[in-house]
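Enquirer: My structure is stored as start-v5.pdb, with PDB, C-alpha atoms, pLDDT in the B column.
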MODEL        1
ATOM      1  CA  MET A  31      41.225 113.919 216.367  1.00 54.00           C
ATOM      2  CA  GLY A  32      37.611 113.328 217.396  1.00 73.00           C
ATOM      3  CA  HIS A  33      36.299 111.517 220.400  1.00 89.00           C
ATOM      4  CA  VAL A  34      37.537 107.908 220.707  1.00 94.00           C
ATOM      5  CA  ARG A  35      35.504 105.091 222.251  1.00 95.00           C
ATOM      6  CA  ILE A  36      37.283 101.990 223.509  1.00 96.00           C
ATOM      7  CA  ALA A  37      36.079  98.564 224.582  1.00 97.00           C
ATOM      8  CA  ILE A  38      37.986  96.688 227.262  1.00 97.00           C
ATOM      9  CA  LEU A  39      37.889  92.885 227.121  1.00 97.00           C
ATOM     10  CA  ALA A  40      38.903  90.987 230.265  1.00 96.00           C
ATOM     11  CA  SER A  41      38.447  87.443 231.574  1.00 93.00           C
ATOM     12  CA  GLY A  42      39.237  87.861 235.256  1.00 90.00           C
ATOM     13  CA  SER A  43      39.509  90.289 238.150  1.00 90.00           C
ATOM     14  CA  GLY A  44      40.226  93.235 235.899  1.00 90.00           C
ATOM     15  CA  SER A  45      42.928  95.092 237.838  1.00 93.00           C
ATOM     16  CA  ASN A  46      44.330  96.485 234.579  1.00 95.00           C
ATOM     17  CA  ALA A  47      40.823  97.340 233.396  1.00 95.00           C
ATOM     18  CA  LEU A  48      40.292  99.264 236.640  1.00 95.00           C
ATOM     19  CA  LYS A  49      43.497 101.255 236.056  1.00 95.00           C
ATOM     20  CA  LEU A  50      42.340 102.059 232.510  1.00 95.00           C
ATOM     21  CA  LEU A  51      38.910 103.142 233.756  1.00 95.00           C
ATOM     22  CA  ALA A  52      40.408 105.418 236.409  1.00 94.00           C
ATOM     23  CA  HIS A  53      42.967 106.860 233.987  1.00 93.00           C
ATOM     24  CA  PHE A  54      40.468 107.795 231.293  1.00 93.00           C
ATOM     25  CA  LYS A  55      37.957 109.149 233.799  1.00 89.00           C
ATOM     26  CA  HIS A  56      40.463 111.394 235.589  1.00 84.00           C
ATOM     27  CA  THR A  57      42.711 112.477 232.703  1.00 82.00           C
ATOM     28  CA  GLU A  58      42.013 115.259 230.212  1.00 83.00           C
ATOM     29  CA  THR A  59      41.638 113.116 227.119  1.00 85.00           C
ATOM     30  CA  ASN A  60      39.241 112.479 224.272  1.00 89.00           C
ATOM     31  CA  VAL A  61      39.101 108.745 225.098  1.00 92.00           C
ATOM     32  CA  THR A  62      36.110 107.122 226.776  1.00 93.00           C
ATOM     33  CA  VAL A  63      35.777 103.535 227.945  1.00 95.00           C
ATOM     34  CA  ALA A  64      32.402 102.782 226.382  1.00 95.00           C
ATOM     35  CA  LEU A  65      32.124  99.022 226.887  1.00 96.00           C
ATOM     36  CA  ILE A  66      33.522  96.277 229.078  1.00 97.00           C
ATOM     37  CA  GLY A  67      33.258  92.779 227.652  1.00 96.00           C
ATOM     38  CA  THR A  68      33.983  89.453 229.266  1.00 96.00           C
ATOM     39  CA  ASN A  69      33.719  85.767 228.473  1.00 96.00           C
ATOM     40  CA  ASN A  70      33.325  85.014 232.192  1.00 95.00           C
ATOM     41  CA  PRO A  71      29.931  85.798 233.819  1.00 95.00           C
ATOM     42  CA  ALA A  72      31.639  85.709 237.245  1.00 94.00           C
ATOM     43  CA  ALA A  73      34.560  87.974 236.296  1.00 94.00           C
ATOM     44  CA  GLY A  74      35.554  90.622 238.812  1.00 93.00           C
ATOM     45  CA  VAL A  75      35.841  93.124 235.957  1.00 95.00           C
ATOM     46  CA  LEU A  76      32.020  93.285 235.936  1.00 95.00           C
ATOM     47  CA  ASN A  77      32.167  94.963 239.362  1.00 95.00           C
ATOM     48  CA  HIS A  78      34.406  97.657 237.878  1.00 94.00           C
ATOM     49  CA  ALA A  79      31.991  98.134 234.982  1.00 94.00           C
ATOM     50  CA  LYS A  80      29.150  98.648 237.449  1.00 94.00           C
ATOM     51  CA  ALA A  81      31.180 101.030 239.626  1.00 94.00           C
ATOM     52  CA  TYR A  82      32.007 103.183 236.578  1.00 95.00           C
ATOM     53  CA  ASN A  83      28.513 102.899 235.089  1.00 95.00           C
ATOM     54  CA  ILE A  84      29.881 101.195 231.956  1.00 93.00           C
ATOM     55  CA  LYS A  85      27.719  98.872 229.929  1.00 83.00           C
ATOM     56  CA  PRO A  86      28.884  95.245 230.409  1.00 92.00           C
ATOM     57  CA  PHE A  87      28.806  92.755 227.562  1.00 94.00           C
ATOM     58  CA  ILE A  88      28.974  89.070 228.542  1.00 95.00           C
ATOM     59  CA  PHE A  89      29.495  86.680 225.656  1.00 96.00           C
ATOM     60  CA  ASP A  90      30.223  83.052 224.887  1.00 96.00           C
ATOM     61  CA  LYS A  91      32.614  81.522 222.345  1.00 95.00           C
ATOM     62  CA  THR A  92      29.960  81.240 219.629  1.00 96.00           C
ATOM     63  CA  THR A  93      29.017  84.923 219.905  1.00 95.00           C
ATOM     64  CA  PHE A  94      32.657  86.013 220.110  1.00 96.00           C
ATOM     65  CA  ASN A  95      33.546  84.213 216.878  1.00 95.00           C
ATOM     66  CA  SER A  96      30.461  85.367 214.967  1.00 95.00           C
ATOM     67  CA  PRO A  97      29.995  88.475 212.788  1.00 95.00           C
ATOM     68  CA  ASP A  98      27.468  89.653 215.397  1.00 95.00           C
ATOM     69  CA  PHE A  99      30.300  90.432 217.805  1.00 96.00           C
ATOM     70  CA  VAL A 100      31.864  92.935 215.395  1.00 97.00           C
ATOM     71  CA  LYS A 101      28.408  94.364 214.628  1.00 96.00           C
ATOM     72  CA  ARG A 102      27.791  94.899 218.341  1.00 95.00           C
ATOM     73  CA  LEU A 103      31.075  96.762 218.787  1.00 97.00           C
ATOM     74  CA  LYS A 104      30.466  98.890 215.695  1.00 96.00           C
ATOM     75  CA  ALA A 105      26.899  99.660 216.836  1.00 96.00           C
ATOM     76  CA  ASP A 106      28.367 100.954 220.112  1.00 94.00           C
ATOM     77  CA  GLY A 107      30.771 103.183 218.155  1.00 96.00           C
ATOM     78  CA  ILE A 108      33.874 101.355 219.370  1.00 97.00           C
ATOM     79  CA  ASP A 109      37.104 102.603 217.758  1.00 97.00           C
ATOM     80  CA  TRP A 110      39.722 100.600 219.709  1.00 97.00           C
ATOM     81  CA  ILE A 111      39.787  97.346 221.690  1.00 98.00           C
ATOM     82  CA  VAL A 112      42.046  96.936 224.711  1.00 98.00           C
ATOM     83  CA  LEU A 113      42.699  93.445 226.070  1.00 97.00           C
ATOM     84  CA  ALA A 114      43.290  93.537 229.813  1.00 95.00           C
ATOM     85  CA  GLY A 115      43.751  89.934 230.854  1.00 92.00           C
ATOM     86  CA  PHE A 116      41.592  88.488 228.095  1.00 94.00           C
ATOM     87  CA  LEU A 117      42.485  84.854 227.429  1.00 89.00           C
ATOM     88  CA  TRP A 118      40.894  83.910 224.096  1.00 93.00           C
ATOM     89  CA  LEU A 119      42.550  84.112 220.695  1.00 93.00           C
ATOM     90  CA  ILE A 120      41.094  87.008 218.706  1.00 95.00           C
ATOM     91  CA  PRO A 121      39.259  85.803 215.572  1.00 95.00           C
ATOM     92  CA  GLU A 122      40.218  86.963 212.078  1.00 95.00           C
ATOM     93  CA  ASN A 123      37.013  88.926 211.493  1.00 96.00           C
ATOM     94  CA  LEU A 124      37.605  91.014 214.621  1.00 97.00           C
ATOM     95  CA  ILE A 125      41.253  91.634 213.675  1.00 96.00           C
ATOM     96  CA  SER A 126      40.162  92.741 210.191  1.00 96.00           C
ATOM     97  CA  ALA A 127      37.426  95.028 211.536  1.00 97.00           C
ATOM     98  CA  PHE A 128      39.823  96.686 214.001  1.00 97.00           C
ATOM     99  CA  GLU A 129      43.101  96.432 212.089  1.00 95.00           C
ATOM    100  CA  ASN A 130      45.999  97.728 214.216  1.00 95.00           C
ATOM    101  CA  LYS A 131      43.475  98.935 216.793  1.00 97.00           C
ATOM    102  CA  ILE A 132      43.545  96.018 219.238  1.00 98.00           C
ATOM    103  CA  ILE A 133      46.076  96.348 222.061  1.00 98.00           C
ATOM    104  CA  ASN A 134      47.155  93.643 224.521  1.00 97.00           C
ATOM    105  CA  ILE A 135      49.344  93.574 227.596  1.00 96.00           C
ATOM    106  CA  HIS A 136      51.378  90.443 228.295  1.00 96.00           C
ATOM    107  CA  PRO A 137      53.192  89.675 231.586  1.00 97.00           C
ATOM    108  CA  SER A 138      56.612  88.846 230.131  1.00 97.00           C
ATOM    109  CA  LEU A 139      59.310  90.280 227.934  1.00 97.00           C
ATOM    110  CA  LEU A 140      58.120  88.854 224.643  1.00 97.00           C
ATOM    111  CA  PRO A 141      59.040  86.893 222.630  1.00 96.00           C
ATOM    112  CA  LYS A 142      59.926  84.910 225.768  1.00 96.00           C
ATOM    113  CA  TYR A 143      57.052  83.194 227.555  1.00 97.00           C
ATOM    114  CA  GLY A 144      54.321  83.999 225.065  1.00 95.00           C
ATOM    115  CA  GLY A 145      51.825  81.848 223.219  1.00 92.00           C
ATOM    116  CA  LYS A 146      48.812  79.713 224.014  1.00 90.00           C
ATOM    117  CA  GLY A 147      48.489  78.887 227.699  1.00 90.00           C
ATOM    118  CA  MET A 148      51.080  81.467 228.718  1.00 93.00           C
ATOM    119  CA  TYR A 149      49.175  83.902 230.911  1.00 92.00           C
ATOM    120  CA  GLY A 150      49.248  85.059 234.514  1.00 90.00           C
ATOM    121  CA  ASN A 151      51.015  82.779 236.949  1.00 94.00           C
ATOM    122  CA  HIS A 152      51.810  80.254 234.193  1.00 95.00           C
ATOM    123  CA  VAL A 153      54.193  82.874 232.798  1.00 96.00           C
ATOM    124  CA  HIS A 154      55.651  83.807 236.183  1.00 96.00           C
ATOM    125  CA  GLN A 155      56.254  80.154 237.101  1.00 96.00           C
ATOM    126  CA  ALA A 156      58.035  79.528 233.793  1.00 97.00           C
ATOM    127  CA  VAL A 157      60.217  82.587 234.414  1.00 97.00           C
ATOM    128  CA  LEU A 158      61.142  81.277 237.877  1.00 96.00           C
ATOM    129  CA  ASN A 159      61.693  77.723 236.625  1.00 96.00           C
ATOM    130  CA  ASN A 160      64.190  79.019 234.065  1.00 96.00           C
ATOM    131  CA  GLN A 161      65.961  81.148 236.686  1.00 95.00           C
ATOM    132  CA  GLU A 162      65.584  84.333 234.667  1.00 96.00           C
ATOM    133  CA  LEU A 163      67.297  87.413 236.079  1.00 96.00           C
ATOM    134  CA  LYS A 164      64.533  89.725 234.877  1.00 97.00           C
ATOM    135  CA  THR A 165      60.976  89.729 233.645  1.00 98.00           C
ATOM    136  CA  GLY A 166      58.510  92.421 232.745  1.00 98.00           C
ATOM    137  CA  ILE A 167      55.662  93.432 230.497  1.00 98.00           C
ATOM    138  CA  THR A 168      55.093  93.793 226.787  1.00 98.00           C
ATOM    139  CA  ILE A 169      52.337  95.926 225.308  1.00 98.00           C
ATOM    140  CA  HIS A 170      51.646  94.941 221.720  1.00 97.00           C
ATOM    141  CA  LEU A 171      49.196  95.087 218.866  1.00 97.00           C
ATOM    142  CA  VAL A 172      47.146  91.947 218.315  1.00 96.00           C
ATOM    143  CA  ASN A 173      47.310  89.729 215.258  1.00 94.00           C
ATOM    144  CA  ASN A 174      46.007  86.207 214.621  1.00 89.00           C
ATOM    145  CA  GLU A 175      48.631  84.478 216.817  1.00 90.00           C
ATOM    146  CA  TYR A 176      48.949  84.657 220.588  1.00 91.00           C
ATOM    147  CA  ASP A 177      51.426  87.382 221.586  1.00 93.00           C
ATOM    148  CA  LYS A 178      52.973  87.788 218.112  1.00 94.00           C
ATOM    149  CA  GLY A 179      51.693  91.264 217.163  1.00 95.00           C
ATOM    150  CA  ALA A 180      53.963  94.285 216.757  1.00 96.00           C
ATOM    151  CA  GLN A 181      55.533  95.273 220.062  1.00 97.00           C
ATOM    152  CA  LEU A 182      54.820  98.820 221.231  1.00 96.00           C
ATOM    153  CA  PHE A 183      56.455  98.964 224.663  1.00 97.00           C
ATOM    154  CA  GLN A 184      58.405  96.867 227.149  1.00 98.00           C
ATOM    155  CA  ALA A 185      59.436  97.456 230.752  1.00 98.00           C
ATOM    156  CA  ALA A 186      61.604  95.124 232.810  1.00 98.00           C
ATOM    157  CA  VAL A 187      62.096  94.374 236.484  1.00 98.00           C
ATOM    158  CA  ALA A 188      64.853  92.390 238.198  1.00 98.00           C
ATOM    159  CA  ILE A 189      64.092  89.056 239.831  1.00 97.00           C
ATOM    160  CA  ALA A 190      65.793  88.441 243.152  1.00 95.00           C
ATOM    161  CA  GLU A 191      67.006  84.950 244.013  1.00 92.00           C
ATOM    162  CA  GLU A 192      64.545  84.760 246.902  1.00 95.00           C
ATOM    163  CA  ASP A 193      61.523  85.956 244.908  1.00 96.00           C
ATOM    164  CA  THR A 194      58.470  83.716 245.156  1.00 96.00           C
ATOM    165  CA  LEU A 195      55.779  83.316 242.522  1.00 96.00           C
ATOM    166  CA  GLU A 196      53.692  85.908 244.379  1.00 97.00           C
ATOM    167  CA  ALA A 197      56.611  88.348 244.526  1.00 97.00           C
ATOM    168  CA  VAL A 198      57.208  88.092 240.779  1.00 97.00           C
ATOM    169  CA  GLN A 199      53.498  88.491 240.089  1.00 96.00           C
ATOM    170  CA  LYS A 200      53.380  91.653 242.218  1.00 97.00           C
ATOM    171  CA  LYS A 201      56.468  93.141 240.549  1.00 97.00           C
ATOM    172  CA  VAL A 202      54.975  92.580 237.104  1.00 97.00           C
ATOM    173  CA  GLN A 203      51.594  93.943 238.168  1.00 96.00           C
ATOM    174  CA  VAL A 204      53.267  97.147 239.378  1.00 97.00           C
ATOM    175  CA  LEU A 205      54.694  97.609 235.871  1.00 97.00           C
ATOM    176  CA  GLU A 206      51.322  96.854 234.275  1.00 96.00           C
ATOM    177  CA  HIS A 207      49.550  99.430 236.419  1.00 96.00           C
ATOM    178  CA  GLN A 208      52.324 101.981 235.952  1.00 96.00           C
ATOM    179  CA  TYR A 209      52.508 101.908 232.151  1.00 97.00           C
ATOM    180  CA  PHE A 210      49.489 100.326 230.448  1.00 97.00           C
ATOM    181  CA  ALA A 211      47.025 103.233 230.453  1.00 95.00           C
ATOM    182  CA  GLY A 212      49.644 105.764 229.371  1.00 95.00           C
ATOM    183  CA  VAL A 213      50.835 103.605 226.482  1.00 96.00           C
ATOM    184  CA  VAL A 214      47.250 103.028 225.347  1.00 96.00           C
ATOM    185  CA  GLU A 215      46.526 106.754 225.500  1.00 94.00           C
ATOM    186  CA  SER A 216      49.731 107.622 223.584  1.00 93.00           C
ATOM    187  CA  LEU A 217      49.025 105.093 220.851  1.00 93.00           C
ATOM    188  CA  ILE A 218      45.463 106.291 220.369  1.00 92.00           C
ATOM    189  CA  ALA A 219      46.633 109.915 220.272  1.00 88.00           C
ATOM    190  CA  PHE A 220      49.320 109.032 217.709  1.00 87.00           C
ATOM    191  CA  CYS A 221      47.118 106.886 215.459  1.00 85.00           C
ATOM    192  CA  GLY A 222      43.784 108.623 215.868  1.00 61.00           C
TER
ENDMDL
END
How does this structure look as structure tokens?

Expert:
Amino acid sequence: MGHVRIAILASGSGSNALKLLAHFKHTETNVTVALIGTNNPAAGVLNHAKAYNIKPFIFDKTTFNSPDFVKRLKADGIDWIVLAGFLWLIPENLISAFENKIINIHPSLLPKYGGKGMYGNHVHQAVLNNQELKTGITIHLVNNEYDKGAQLFQAAVAIAEEDTLEAVQKKVQVLEHQYFAGVVESLIAFCG
């Protein structure tokens, strides 16, 4: 397998993006994070891009849904796209251009608590409201519906009766940081 270039798309602080950047910089692998894209000009992930000397790509909804977005990724030699807290639905043309090569991480045990509007603390609050005994993460391929792509990996964590929203968020984030980069690397190695 040749060298693989990935683009990370994120909308917020980018803690998962940072873990991916560190992993691929400090691990013997043929994967390079070549681009960090965001729909949020104030996103914290841009600080990580700067710290790792990665080209940032800030875009709006019109650009994201246009053929120019795919052209830009292809021009940068992008092979895979990794969503690390990216909140927009992926358009059909991007899914077609990167078929089975777009990976997302979701902060619940899908199919529970997935879909439009179910991200971050919205998920964790729903889990607490329903008095779930466990929650976790799902890493999955992306299709044209929120959180409905083929599941690749899940990890669960118990919820204690006294857990607050912040406690649940931290437990899930530990799982995200523990597993996401390794699963991404394994999938790329397996699929090429």

Enquirer: Given the point (44.1, 87.3, 212.7) in the file's coordinates, find the residues that have an atom at most 7 Å from it, counting only C-alpha atoms, and give them as a PDB file with C-alpha atoms, in the coordinates of the input.

Expert:
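Wrote it out as result.pdb, contents follow:
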ATOM      1  CA  ILE A 120      41.094  87.008 218.706  1.00 95.00           C
ATOM      2  CA  PRO A 121      39.259  85.803 215.572  1.00 95.00           C
ATOM      3  CA  GLU A 122      40.218  86.963 212.078  1.00 95.00           C
ATOM      4  CA  ILE A 125      41.253  91.634 213.675  1.00 96.00           C
ATOM      5  CA  ASN A 173      47.310  89.729 215.258  1.00 94.00           C
ATOM      6  CA  ASN A 174      46.007  86.207 214.621  1.00 89.00           C
ATOM      7  CA  GLU A 175      48.631  84.478 216.817  1.00 90.00           C
TER       8      GLU A 175
END

Enquirer: Using all atoms listed in the file, which residue out of A:Ala190, A:Leu205, A:Ile135, A:Met148 lies closest to Thr168 of chain A?

Expert: A:Ile135

Enquirer: Can you list what the PyMOL selection byres ((chain A and resi 195) around 9) grabs from this structure, as a PyMOL selection string?

Expert: chain A and resi 151+154-155+158+193-194+196-200

Enquirer: If the box runs along x, y and z of the file and leaves 4 Å on each side of segment 198-206 of chain A, what are its centre and edge lengths in Å, one decimal, as AutoDock Vina command-line options?

Expert:
--center_x 54.3 --center_y 92.9 --center_z 238.2 --size_x 13.9 --size_y 17.5 --size_z 15.9

Enquirer: With only C-alpha atoms as the basis for distance, which of A:Val157, A:Leu163, A:Ala219, A:Leu117 is at the shortest distance from Gly32 of chain A?

Expert: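 The shortest atom-to-atom distance to Gly32 of chain A comes from A:Ala219.
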
Enquirer: What's the 12 Å shell around Trp118 of chain A, counting only C-alpha atoms, without same-chain residues fewer than 3 positions away, as a VMD selection string?

Expert: chain A and resid 39 to 42 68 to 70 89 to 91 94 to 95 113 to 115 121 134 145 to 149 172 174 to 177

Enquirer: Between atom CA of Phe128 of chain A and atom CA of Gly144 of chain A, what distance in Å does the model show, to one decimal?

Expert: 22.2 Å

Enquirer: Using the chain letters and numbers from the file, which residues does the PyMOL selection byres ((chain A and resi 169) around 9) grab, as a ChimeraX atom specification?

Expert: /A:133-137,167-168,170-171,180-184,210,213-214

Enquirer: With all heavy atoms as the goal, would you fill in the gaps in segment 173-184 of chain A and present it as a PDB file, in the frame of the given file?

Expert:
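Printed below is rebuild_5.pdb as written:
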ATOM      1  N   ASN A 173      47.536  90.343 216.566  1.00 94.00           N
ATOM      2  CA  ASN A 173      47.310  89.729 215.258  1.00 94.00           C
ATOM      3  C   ASN A 173      46.669  88.365 215.489  1.00 94.00           C
ATOM      4  O   ASN A 173      46.139  88.112 216.572  1.00 94.00           O
ATOM      5  CB  ASN A 173      48.597  89.671 214.427  1.00 94.00           C
ATOM      6  CG  ASN A 173      49.659  88.773 215.033  1.00 94.00           C
ATOM      7  OD1 ASN A 173      49.417  88.005 215.965  1.00 94.00           O
ATOM      8  ND2 ASN A 173      50.857  88.867 214.509  1.00 94.00           N
ATOM      9  N   ASN A 174      46.725  87.475 214.508  1.00 89.00           N
ATOM     10  CA  ASN A 174      46.007  86.207 214.621  1.00 89.00           C
ATOM     11  C   ASN A 174      46.777  85.111 215.358  1.00 89.00           C
ATOM     12  O   ASN A 174      46.366  83.961 215.353  1.00 89.00           O
ATOM     13  CB  ASN A 174      45.573  85.713 213.238  1.00 89.00           C
ATOM     14  CG  ASN A 174      46.749  85.490 212.309  1.00 89.00           C
ATOM     15  OD1 ASN A 174      47.884  85.774 212.669  1.00 89.00           O
ATOM     16  ND2 ASN A 174      46.486  84.989 211.132  1.00 89.00           N
ATOM     17  N   GLU A 175      47.889  85.435 216.003  1.00 90.00           N
ATOM     18  CA  GLU A 175      48.631  84.478 216.817  1.00 90.00           C
ATOM     19  C   GLU A 175      48.803  85.057 218.214  1.00 90.00           C
ATOM     20  O   GLU A 175      49.019  86.260 218.370  1.00 90.00           O
ATOM     21  CB  GLU A 175      50.016  84.213 216.225  1.00 90.00           C
ATOM     22  CG  GLU A 175      50.017  83.503 214.891  1.00 90.00           C
ATOM     23  CD  GLU A 175      51.442  83.238 214.429  1.00 90.00           C
ATOM     24  OE1 GLU A 175      52.031  82.255 214.898  1.00 90.00           O
ATOM     25  OE2 GLU A 175      51.944  84.036 213.632  1.00 90.00           O
ATOM     26  N   TYR A 176      48.743  84.194 219.213  1.00 91.00           N
ATOM     27  CA  TYR A 176      48.949  84.657 220.588  1.00 91.00           C
ATOM     28  C   TYR A 176      50.288  85.377 220.727  1.00 91.00           C
ATOM     29  O   TYR A 176      51.345  84.803 220.427  1.00 91.00           O
ATOM     30  CB  TYR A 176      48.940  83.473 221.568  1.00 91.00           C
ATOM     31  CG  TYR A 176      47.581  82.926 221.914  1.00 91.00           C
ATOM     32  CD1 TYR A 176      47.201  81.668 221.477  1.00 91.00           C
ATOM     33  CD2 TYR A 176      46.699  83.643 222.703  1.00 91.00           C
ATOM     34  CE1 TYR A 176      45.958  81.137 221.819  1.00 91.00           C
ATOM     35  CE2 TYR A 176      45.455  83.116 223.050  1.00 91.00           C
ATOM     36  CZ  TYR A 176      45.095  81.880 222.600  1.00 91.00           C
ATOM     37  OH  TYR A 176      43.871  81.353 222.944  1.00 91.00           O
ATOM     38  N   ASP A 177      50.241  86.622 221.167  1.00 93.00           N
ATOM     39  CA  ASP A 177      51.426  87.382 221.586  1.00 93.00           C
ATOM     40  C   ASP A 177      52.452  87.614 220.484  1.00 93.00           C
ATOM     41  O   ASP A 177      53.637  87.804 220.769  1.00 93.00           O
ATOM     42  CB  ASP A 177      52.097  86.695 222.787  1.00 93.00           C
ATOM     43  CG  ASP A 177      51.122  86.468 223.927  1.00 93.00           C
ATOM     44  OD1 ASP A 177      50.320  87.376 224.198  1.00 93.00           O
ATOM     45  OD2 ASP A 177      51.158  85.385 224.539  1.00 93.00           O
ATOM     46  N   LYS A 178      52.029  87.623 219.223  1.00 94.00           N
ATOM     47  CA  LYS A 178      52.973  87.788 218.112  1.00 94.00           C
ATOM     48  C   LYS A 178      52.832  89.129 217.409  1.00 94.00           C
ATOM     49  O   LYS A 178      53.556  89.407 216.462  1.00 94.00           O
ATOM     50  CB  LYS A 178      52.776  86.671 217.075  1.00 94.00           C
ATOM     51  CG  LYS A 178      53.033  85.285 217.600  1.00 94.00           C
ATOM     52  CD  LYS A 178      54.477  84.954 217.602  1.00 94.00           C
ATOM     53  CE  LYS A 178      54.670  83.484 217.949  1.00 94.00           C
ATOM     54  NZ  LYS A 178      56.013  83.060 217.885  1.00 94.00           N
ATOM     55  N   GLY A 179      51.893  89.973 217.822  1.00 95.00           N
ATOM     56  CA  GLY A 179      51.693  91.264 217.163  1.00 95.00           C
ATOM     57  C   GLY A 179      52.850  92.219 217.419  1.00 95.00           C
ATOM     58  O   GLY A 179      53.690  91.994 218.300  1.00 95.00           O
ATOM     59  N   ALA A 180      52.883  93.296 216.656  1.00 96.00           N
ATOM     60  CA  ALA A 180      53.963  94.285 216.757  1.00 96.00           C
ATOM     61  C   ALA A 180      54.074  94.821 218.186  1.00 96.00           C
ATOM     62  O   ALA A 180      53.085  95.249 218.784  1.00 96.00           O
ATOM     63  CB  ALA A 180      53.704  95.432 215.791  1.00 96.00           C
ATOM     64  N   GLN A 181      55.296  94.791 218.698  1.00 97.00           N
ATOM     65  CA  GLN A 181      55.533  95.273 220.062  1.00 97.00           C
ATOM     66  C   GLN A 181      55.569  96.798 220.079  1.00 97.00           C
ATOM     67  O   GLN A 181      56.207  97.424 219.246  1.00 97.00           O
ATOM     68  CB  GLN A 181      56.842  94.704 220.601  1.00 97.00           C
ATOM     69  CG  GLN A 181      56.784  93.216 220.828  1.00 97.00           C
ATOM     70  CD  GLN A 181      58.081  92.642 221.380  1.00 97.00           C
ATOM     71  OE1 GLN A 181      58.917  93.369 221.892  1.00 97.00           O
ATOM     72  NE2 GLN A 181      58.235  91.332 221.275  1.00 97.00           N
ATOM     73  N   LEU A 182      54.890  97.373 221.075  1.00 96.00           N
ATOM     74  CA  LEU A 182      54.820  98.820 221.231  1.00 96.00           C
ATOM     75  C   LEU A 182      55.687  99.314 222.374  1.00 96.00           C
ATOM     76  O   LEU A 182      56.226 100.407 222.328  1.00 96.00           O
ATOM     77  CB  LEU A 182      53.368  99.241 221.497  1.00 96.00           C
ATOM     78  CG  LEU A 182      52.332  98.784 220.478  1.00 96.00           C
ATOM     79  CD1 LEU A 182      50.932  99.025 221.005  1.00 96.00           C
ATOM     80  CD2 LEU A 182      52.563  99.509 219.165  1.00 96.00           C
ATOM     81  N   PHE A 183      55.792  98.498 223.442  1.00 97.00           N
ATOM     82  CA  PHE A 183      56.455  98.964 224.663  1.00 97.00           C
ATOM     83  C   PHE A 183      56.833  97.763 225.516  1.00 97.00           C
ATOM     84  O   PHE A 183      56.079  96.791 225.590  1.00 97.00           O
ATOM     85  CB  PHE A 183      55.485  99.857 225.450  1.00 97.00           C
ATOM     86  CG  PHE A 183      56.022 100.342 226.770  1.00 97.00           C
ATOM     87  CD1 PHE A 183      56.810 101.478 226.838  1.00 97.00           C
ATOM     88  CD2 PHE A 183      55.731  99.657 227.945  1.00 97.00           C
ATOM     89  CE1 PHE A 183      57.304 101.921 228.060  1.00 97.00           C
ATOM     90  CE2 PHE A 183      56.229 100.093 229.162  1.00 97.00           C
ATOM     91  CZ  PHE A 183      57.011 101.234 229.219  1.00 97.00           C
ATOM     92  N   GLN A 184      58.000  97.854 226.150  1.00 98.00           N
ATOM     93  CA  GLN A 184      58.405  96.867 227.149  1.00 98.00           C
ATOM     94  C   GLN A 184      58.995  97.582 228.351  1.00 98.00           C
ATOM     95  O   GLN A 184      59.621  98.645 228.207  1.00 98.00           O
ATOM     96  CB  GLN A 184      59.447  95.889 226.590  1.00 98.00           C
ATOM     97  CG  GLN A 184      58.875  94.878 225.626  1.00 98.00           C
ATOM     98  CD  GLN A 184      59.862  93.787 225.264  1.00 98.00           C
ATOM     99  OE1 GLN A 184      61.039  94.053 224.988  1.00 98.00           O
ATOM    100  NE2 GLN A 184      59.387  92.540 225.241  1.00 98.00           N
TER     101      GLN A 184
END
